[in-house]
Amino acid sequence: MDSASTTPVTAVIVVAAGSGQRLGYGMPKAKVPLGGDSILTHALRGVAAAGIARQICVAIPPGDEELRDLCEAFAQDLNTERQRGGDGGQFPVVTVVDGGATRAESVRAALAALLPDTVSVLVHDAARALTPEAVFHRVSHALAAGALAVIPVIPVVDTVKTVEATTGDGAAIAPELVTGTAARETLRAVQTPQGFELATLQRAHDAAASFDAGQAAAVTDDAMLVELLGVPVHAVRGASQSLKITTPLDLIIAEGLLEGPLGARWVEG
Ligand code: C5P
């Protein structure tokens with residue numbers, strides 16, 4: 001797929017400034033080893049391999065020299081590859097910024113560092129280290145076709161219910177009470193990279209910058225900020241191997257995928 005020729009000038013923001021507390025490694029998740037490399041290295045390789053970015057902007061934990069060095073070494077490798085003639089694809093500029101206290105603040109720090117003539121932007125979680133190239137391509141093709149916002153999604157396999165904390169006598173039976181059941185066929189689990197026309201995402205984040213702490217804590221992805229503007233958000237097919245490495249079990253699954261015959265990234269599904 002010659003994606004580079006069909007997409008506007010695109011930057012990919014990789015947010016990697018999270019603490020990784022739920023993974024329990026005692027270090028930022030981006031540094032945690034996966035198949036002999038760090039989670040961030042896998043994520044950056046995936047973005048570069050997709051060949052859609054003119055710039056990759058990485059948000060790291062503030063002052064983390066080790067991750068800054070990792071990004072710089074990755075940029076040097078790309079440069080060496082370009083000098084050797086490469087494969088004719090795009091060789092992105094790599095920029096590193098200090099992330100913020102929330103994911104949205106990390107995205108805003110990266111938005112402020114994008115090259116001036118950037119038209120569209122993909123925001124990708126470093127924690128989704130094994131996202132296949134095809135997902136990047138589906139997102140960037142939807143943008144090229146006119147979408148202002150596009151997200152990769154997969155169907156939900158579990159039945160999903162809403163609950164509330166049990167009060168009164170019921171509390172002796174169980175901690176929560178079911179309040180409803182969502183219609184599963186209309187539900188989708190949302191992944192990254194999420195793609196946006198840059199001006200639209202910038203407007204959405206400008207509005208969110210004044211949120212109070214409670215509102216800010218409820219922001220779990222970029223698309224929901226764009227939804228608040230009333231802008232349509234389109235959905236394309238994600239991939240099951242694009243899992244967000246969050247818990248020790250996720251890491252075991254990711255290791256297992258990498259040990260597969262082709263490596264996880266190259267298998268669609
Ligand atoms: O914690 P959560 O699962 O929402 O993190 C999703 C992604 O956002 C991760 O890749 C993490 O590194 C990133 N993040 C960030 N800055 C924060 C919190 C999370 O870049 N302050």
# chains A, B, ... in the order shown; residues from 1 in each chain; ligands from 1
>>> residues_around(residues="segment 13-25 of chain A", least_positions_apart="4", cutoff="6 Å", atoms="only C-alpha atoms", output="list of chain:residue names")
A:Lys29, A:Ala30, A:Ile56, A:Cys57, A:Val58, A:Ala59, A:Ile60, A:Pro61, A:Gly99, A:Val123, A:His124, A:Asp125, A:Ala126, A:Thr246, A:Thr247, A:Pro248
>>> select_by_dssp(residues="segment 162-255 of chain A", states="strand (DSSP E or B)", output="list in words")
Thr162, Val163, Glu164, Ala165, Glu176, Leu177, Val178, Thr179, Gly180, Thr181, Arg188, Ala189, Val190, Gln194, Gly195, Phe196, Glu197, His234, Ala235, Val236 and Arg237 of chain A
>>> atom_distance(atom1="atom CA of Ser120 of chain A", atom2="atom CA of Asp206 of chain A")
16.5 Å
>>> closest_residue(among="A:Ala171, A:Gly85, A:Phe196, A:Glu176", to="His141 of chain A", atoms="only C-alpha atoms")
A:Phe196
>>> residues_around(residues="Thr220 of chain A", least_positions_apart="3", cutoff="12 Å", atoms="only C-alpha atoms", output="ChimeraX atom specification")
/A:102-105,107,125,190-192,215-217,223-225
>>> select_by_dssp(residues="segment 117-258 of chain A", states="alpha helix (DSSP H)", output="compact mmCIF listing (two decimals) with all heavy atoms, in the first residue's frame")
# COMPACT_ATOMS: atom_id res chain seq x y z
N GLU A 133 0.79 -2.51 11.11
CA GLU A 133 0.83 -1.40 10.15
C GLU A 133 -0.52 -1.13 9.54
O GLU A 133 -0.90 0.01 9.27
CB GLU A 133 1.80 -1.73 9.01
CG GLU A 133 3.24 -1.69 9.39
CD GLU A 133 4.10 -2.23 8.25
OE1 GLU A 133 3.83 -1.90 7.09
OE2 GLU A 133 5.02 -3.01 8.56
N ALA A 134 -1.26 -2.21 9.26
CA ALA A 134 -2.54 -2.07 8.56
C ALA A 134 -3.51 -1.17 9.31
O ALA A 134 -4.32 -0.47 8.70
CB ALA A 134 -3.18 -3.45 8.34
N VAL A 135 -3.42 -1.15 10.63
CA VAL A 135 -4.32 -0.29 11.41
C VAL A 135 -3.95 1.19 11.18
O VAL A 135 -4.82 2.04 10.97
CB VAL A 135 -4.28 -0.65 12.91
CG1 VAL A 135 -5.15 0.31 13.72
CG2 VAL A 135 -4.74 -2.09 13.13
N PHE A 136 -2.64 1.48 11.18
CA PHE A 136 -2.20 2.85 10.87
C PHE A 136 -2.70 3.25 9.49
O PHE A 136 -3.15 4.38 9.28
CB PHE A 136 -0.67 2.95 10.90
CG PHE A 136 -0.07 2.88 12.28
CD1 PHE A 136 0.34 1.68 12.83
CD2 PHE A 136 0.08 4.03 13.04
CE1 PHE A 136 0.89 1.63 14.10
CE2 PHE A 136 0.62 3.99 14.31
CZ PHE A 136 1.03 2.78 14.84
N HIS A 137 -2.63 2.32 8.55
CA HIS A 137 -3.05 2.64 7.18
C HIS A 137 -4.55 2.89 7.09
O HIS A 137 -5.00 3.82 6.42
CB HIS A 137 -2.63 1.52 6.22
CG HIS A 137 -1.14 1.42 6.08
ND1 HIS A 137 -0.50 0.29 5.63
CD2 HIS A 137 -0.15 2.30 6.37
CE1 HIS A 137 0.80 0.50 5.63
NE2 HIS A 137 1.04 1.71 6.08
N ARG A 138 -5.34 2.05 7.80
CA ARG A 138 -6.80 2.26 7.74
C ARG A 138 -7.17 3.62 8.31
O ARG A 138 -8.03 4.32 7.78
CB ARG A 138 -7.51 1.14 8.52
CG ARG A 138 -7.53 -0.19 7.77
CD ARG A 138 -8.56 -1.15 8.35
NE ARG A 138 -8.11 -1.85 9.53
CZ ARG A 138 -7.42 -3.00 9.53
NH1 ARG A 138 -7.09 -3.56 8.37
NH2 ARG A 138 -7.07 -3.59 10.65
N VAL A 139 -6.51 4.02 9.40
CA VAL A 139 -6.81 5.31 10.02
C VAL A 139 -6.40 6.45 9.08
O VAL A 139 -7.17 7.38 8.82
CB VAL A 139 -6.11 5.44 11.40
CG1 VAL A 139 -6.20 6.85 11.95
CG2 VAL A 139 -6.72 4.44 12.38
N SER A 140 -5.20 6.35 8.52
CA SER A 140 -4.74 7.48 7.70
C SER A 140 -5.50 7.55 6.37
O SER A 140 -5.71 8.64 5.85
CB SER A 140 -3.23 7.47 7.51
OG SER A 140 -2.84 6.41 6.74
N HIS A 141 -5.98 6.42 5.86
CA HIS A 141 -6.79 6.46 4.64
C HIS A 141 -8.14 7.11 4.90
O HIS A 141 -8.65 7.85 4.05
CB HIS A 141 -6.97 5.06 4.06
CG HIS A 141 -5.82 4.68 3.18
ND1 HIS A 141 -5.83 4.82 1.81
CD2 HIS A 141 -4.58 4.24 3.50
CE1 HIS A 141 -4.64 4.45 1.32
NE2 HIS A 141 -3.87 4.09 2.34
N ALA A 142 -8.72 6.87 6.08
CA ALA A 142 -10.00 7.52 6.41
C ALA A 142 -9.80 9.04 6.50
O ALA A 142 -10.66 9.81 6.06
CB ALA A 142 -10.56 6.98 7.73
N LEU A 143 -8.66 9.47 7.04
CA LEU A 143 -8.37 10.91 7.10
C LEU A 143 -8.23 11.48 5.69
O LEU A 143 -8.77 12.53 5.37
CB LEU A 143 -7.07 11.17 7.88
CG LEU A 143 -7.13 11.00 9.39
CD1 LEU A 143 -5.74 11.18 9.99
CD2 LEU A 143 -8.11 11.98 10.04
N ALA A 144 -7.50 10.74 4.85
CA ALA A 144 -7.28 11.20 3.48
C ALA A 144 -8.61 11.26 2.72
O ALA A 144 -8.78 12.07 1.81
CB ALA A 144 -6.29 10.29 2.77
N LEU A 198 -5.56 18.12 12.20
CA LEU A 198 -4.86 18.74 13.33
C LEU A 198 -5.67 19.87 13.98
O LEU A 198 -5.76 19.95 15.19
CB LEU A 198 -3.48 19.26 12.87
CG LEU A 198 -2.69 20.01 13.94
CD1 LEU A 198 -2.42 19.14 15.16
CD2 LEU A 198 -1.39 20.55 13.36
N ALA A 199 -6.28 20.73 13.14
CA ALA A 199 -7.00 21.89 13.70
C ALA A 199 -8.16 21.42 14.58
O ALA A 199 -8.45 22.04 15.62
CB ALA A 199 -7.52 22.77 12.57
N THR A 200 -8.80 20.32 14.20
CA THR A 200 -9.92 19.80 15.00
C THR A 200 -9.42 19.30 16.36
O THR A 200 -10.01 19.60 17.40
CB THR A 200 -10.63 18.66 14.23
OG1 THR A 200 -11.12 19.19 13.00
CG2 THR A 200 -11.78 18.07 15.03
N LEU A 201 -8.33 18.53 16.35
CA LEU A 201 -7.81 18.01 17.63
C LEU A 201 -7.31 19.15 18.51
O LEU A 201 -7.52 19.15 19.73
CB LEU A 201 -6.69 16.99 17.39
CG LEU A 201 -6.20 16.32 18.68
CD1 LEU A 201 -7.30 15.48 19.33
CD2 LEU A 201 -4.97 15.46 18.42
N GLN A 202 -6.69 20.14 17.87
CA GLN A 202 -6.19 21.29 18.64
C GLN A 202 -7.34 22.01 19.33
O GLN A 202 -7.27 22.35 20.52
CB GLN A 202 -5.45 22.23 17.69
CG GLN A 202 -4.68 23.34 18.38
CD GLN A 202 -3.48 22.83 19.17
OE1 GLN A 202 -2.54 22.33 18.58
NE2 GLN A 202 -3.53 22.95 20.49
N ARG A 203 -8.46 22.19 18.58
CA ARG A 203 -9.64 22.87 19.13
C ARG A 203 -10.19 22.07 20.31
O ARG A 203 -10.55 22.62 21.34
CB ARG A 203 -10.69 22.98 18.00
CG ARG A 203 -11.75 24.02 18.20
CD ARG A 203 -12.30 24.52 16.86
NE ARG A 203 -12.79 23.48 15.98
CZ ARG A 203 -14.05 23.02 15.95
NH1 ARG A 203 -14.95 23.52 16.79
NH2 ARG A 203 -14.42 22.09 15.09
N ALA A 204 -10.25 20.74 20.15
CA ALA A 204 -10.79 19.87 21.20
C ALA A 204 -9.93 19.97 22.47
O ALA A 204 -10.45 20.05 23.59
CB ALA A 204 -10.85 18.43 20.72
N HIS A 205 -8.61 19.99 22.28
CA HIS A 205 -7.73 20.06 23.45
C HIS A 205 -7.70 21.46 24.06
O HIS A 205 -7.53 21.60 25.27
CB HIS A 205 -6.31 19.58 23.10
CG HIS A 205 -6.17 18.09 23.28
ND1 HIS A 205 -5.95 17.52 24.51
CD2 HIS A 205 -6.28 17.07 22.40
CE1 HIS A 205 -5.91 16.20 24.37
NE2 HIS A 205 -6.11 15.90 23.11
N ASP A 206 -7.88 22.49 23.24
CA ASP A 206 -7.97 23.85 23.79
C ASP A 206 -9.16 23.92 24.74
O ASP A 206 -9.07 24.50 25.84
CB ASP A 206 -8.14 24.89 22.67
CG ASP A 206 -6.85 25.10 21.89
OD1 ASP A 206 -5.80 24.61 22.35
OD2 ASP A 206 -6.90 25.73 20.81
N ALA A 207 -10.29 23.30 24.34
CA ALA A 207 -11.49 23.31 25.19
C ALA A 207 -11.25 22.52 26.47
O ALA A 207 -11.70 22.91 27.54
CB ALA A 207 -12.68 22.74 24.41
N ALA A 208 -10.50 21.41 26.36
CA ALA A 208 -10.30 20.53 27.52
C ALA A 208 -9.28 21.09 28.52
O ALA A 208 -9.26 20.69 29.68
CB ALA A 208 -9.84 19.16 27.05
N ALA A 213 -10.58 19.14 37.78
CA ALA A 213 -9.87 17.86 38.00
C ALA A 213 -10.76 16.66 37.71
O ALA A 213 -10.31 15.67 37.11
CB ALA A 213 -9.35 17.81 39.42
N GLY A 214 -12.04 16.75 38.11
CA GLY A 214 -12.96 15.63 37.90
C GLY A 214 -13.19 15.38 36.42
O GLY A 214 -13.15 14.23 35.95
N GLN A 215 -13.43 16.46 35.66
CA GLN A 215 -13.64 16.32 34.21
C GLN A 215 -12.37 15.79 33.54
O GLN A 215 -12.44 14.92 32.68
CB GLN A 215 -14.01 17.68 33.60
CG GLN A 215 -15.37 18.21 33.99
CD GLN A 215 -15.54 19.67 33.54
OE1 GLN A 215 -14.67 20.52 33.79
NE2 GLN A 215 -16.64 19.93 32.88
N ALA A 216 -11.23 16.31 33.96
CA ALA A 216 -9.95 15.89 33.35
C ALA A 216 -9.70 14.40 33.59
O ALA A 216 -9.23 13.69 32.70
CB ALA A 216 -8.80 16.73 33.91
N ALA A 217 -10.06 13.92 34.78
CA ALA A 217 -9.83 12.50 35.11
C ALA A 217 -10.70 11.59 34.25
O ALA A 217 -10.36 10.42 34.02
CB ALA A 217 -10.11 12.26 36.58
N ALA A 223 -10.68 11.06 21.13
CA ALA A 223 -11.92 11.12 20.35
C ALA A 223 -13.06 11.67 21.19
O ALA A 223 -13.91 12.41 20.67
CB ALA A 223 -12.26 9.74 19.81
N MET A 224 -13.09 11.37 22.49
CA MET A 224 -14.22 11.87 23.29
C MET A 224 -14.20 13.38 23.39
O MET A 224 -15.25 14.02 23.47
CB MET A 224 -14.27 11.19 24.67
CG MET A 224 -13.12 11.46 25.58
SD MET A 224 -13.22 10.47 27.10
CE MET A 224 -14.45 11.38 28.02
N LEU A 225 -13.03 14.00 23.31
CA LEU A 225 -12.96 15.46 23.32
C LEU A 225 -13.50 16.03 22.01
O LEU A 225 -14.16 17.06 21.99
CB LEU A 225 -11.51 15.92 23.54
CG LEU A 225 -10.87 15.50 24.86
CD1 LEU A 225 -9.43 15.98 24.92
CD2 LEU A 225 -11.67 16.05 26.03
N VAL A 226 -13.22 15.32 20.93
CA VAL A 226 -13.72 15.76 19.62
C VAL A 226 -15.24 15.56 19.55
O VAL A 226 -15.97 16.39 19.00
CB VAL A 226 -12.98 15.00 18.49
CG1 VAL A 226 -13.63 15.24 17.14
CG2 VAL A 226 -11.51 15.41 18.46
N GLU A 227 -15.72 14.46 20.14
CA GLU A 227 -17.17 14.23 20.21
C GLU A 227 -17.87 15.39 20.91
O GLU A 227 -18.97 15.81 20.51
CB GLU A 227 -17.48 12.93 20.96
CG GLU A 227 -17.12 11.66 20.19
CD GLU A 227 -17.00 10.46 21.13
OE1 GLU A 227 -17.90 10.23 21.94
OE2 GLU A 227 -15.97 9.75 21.04
N LEU A 228 -17.24 15.93 21.96
CA LEU A 228 -17.84 17.05 22.71
C LEU A 228 -18.01 18.29 21.82
O LEU A 228 -18.85 19.13 22.09
CB LEU A 228 -16.98 17.40 23.93
CG LEU A 228 -16.97 16.37 25.07
CD1 LEU A 228 -15.99 16.78 26.16
CD2 LEU A 228 -18.38 16.21 25.66
N PRO A 248 0.09 -7.37 34.17
CA PRO A 248 1.07 -8.45 33.92
C PRO A 248 0.54 -9.48 32.92
O PRO A 248 1.31 -10.00 32.10
CB PRO A 248 1.29 -9.05 35.31
CG PRO A 248 1.03 -7.92 36.25
CD PRO A 248 -0.08 -7.13 35.63
N LEU A 249 -0.76 -9.76 32.93
CA LEU A 249 -1.32 -10.73 31.97
C LEU A 249 -1.16 -10.22 30.54
O LEU A 249 -0.83 -10.99 29.62
CB LEU A 249 -2.80 -10.99 32.29
CG LEU A 249 -3.52 -11.93 31.32
CD1 LEU A 249 -2.89 -13.32 31.33
CD2 LEU A 249 -5.01 -12.02 31.67
N ASP A 250 -1.39 -8.92 30.33
CA ASP A 250 -1.22 -8.35 28.97
C ASP A 250 0.21 -8.54 28.47
O ASP A 250 0.45 -8.80 27.29
CB ASP A 250 -1.53 -6.85 28.97
CG ASP A 250 -2.96 -6.55 29.38
OD1 ASP A 250 -3.84 -7.37 29.10
OD2 ASP A 250 -3.18 -5.49 30.00
N LEU A 251 1.17 -8.38 29.41
CA LEU A 251 2.58 -8.53 29.01
C LEU A 251 2.86 -9.97 28.59
O LEU A 251 3.58 -10.21 27.60
CB LEU A 251 3.47 -8.11 30.18
CG LEU A 251 4.93 -7.83 29.85
CD1 LEU A 251 5.09 -6.77 28.77
CD2 LEU A 251 5.67 -7.38 31.12
N ILE A 252 2.29 -10.92 29.30
CA ILE A 252 2.47 -12.33 28.94
C ILE A 252 1.88 -12.59 27.54
O ILE A 252 2.49 -13.25 26.70
CB ILE A 252 1.78 -13.24 30.00
CG1 ILE A 252 2.55 -13.17 31.32
CG2 ILE A 252 1.69 -14.69 29.51
CD1 ILE A 252 1.80 -13.76 32.50
N ILE A 253 0.71 -12.01 27.28
CA ILE A 253 0.07 -12.20 25.96
C ILE A 253 0.95 -11.56 24.87
O ILE A 253 1.19 -12.17 23.82
CB ILE A 253 -1.35 -11.58 25.95
CG1 ILE A 253 -2.26 -12.36 26.91
CG2 ILE A 253 -1.93 -11.58 24.53
CD1 ILE A 253 -3.60 -11.71 27.18
N ALA A 254 1.46 -10.36 25.14
CA ALA A 254 2.30 -9.67 24.15
C ALA A 254 3.58 -10.47 23.87
O ALA A 254 4.00 -10.61 22.71
CB ALA A 254 2.64 -8.26 24.62
N GLU A 255 4.19 -11.01 24.92
CA GLU A 255 5.39 -11.85 24.74
C GLU A 255 5.04 -13.04 23.86
O GLU A 255 5.79 -13.42 22.95
CB GLU A 255 5.93 -12.35 26.09
CG GLU A 255 6.52 -11.27 26.99
CD GLU A 255 7.96 -10.92 26.66
OE1 GLU A 255 8.51 -11.44 25.67
OE2 GLU A 255 8.53 -10.10 27.40
N GLY A 256 3.89 -13.65 24.14
CA GLY A 256 3.46 -14.81 23.37
C GLY A 256 3.24 -14.47 21.90
O GLY A 256 3.64 -15.22 21.01
N LEU A 257 2.63 -13.31 21.65
CA LEU A 257 2.40 -12.88 20.26
C LEU A 257 3.72 -12.68 19.53
O LEU A 257 3.88 -13.09 18.37
CB LEU A 257 1.62 -11.56 20.25
CG LEU A 257 0.14 -11.64 20.62
CD1 LEU A 257 -0.43 -10.25 20.88
CD2 LEU A 257 -0.65 -12.33 19.52
N LEU A 258 4.70 -12.08 20.23
CA LEU A 258 6.01 -11.83 19.59
C LEU A 258 6.73 -13.12 19.25
O LEU A 258 7.54 -13.16 18.33
CB LEU A 258 6.89 -11.00 20.53
CG LEU A 258 6.73 -9.50 20.45
CD1 LEU A 258 7.65 -8.84 21.46
CD2 LEU A 258 7.02 -8.98 19.05
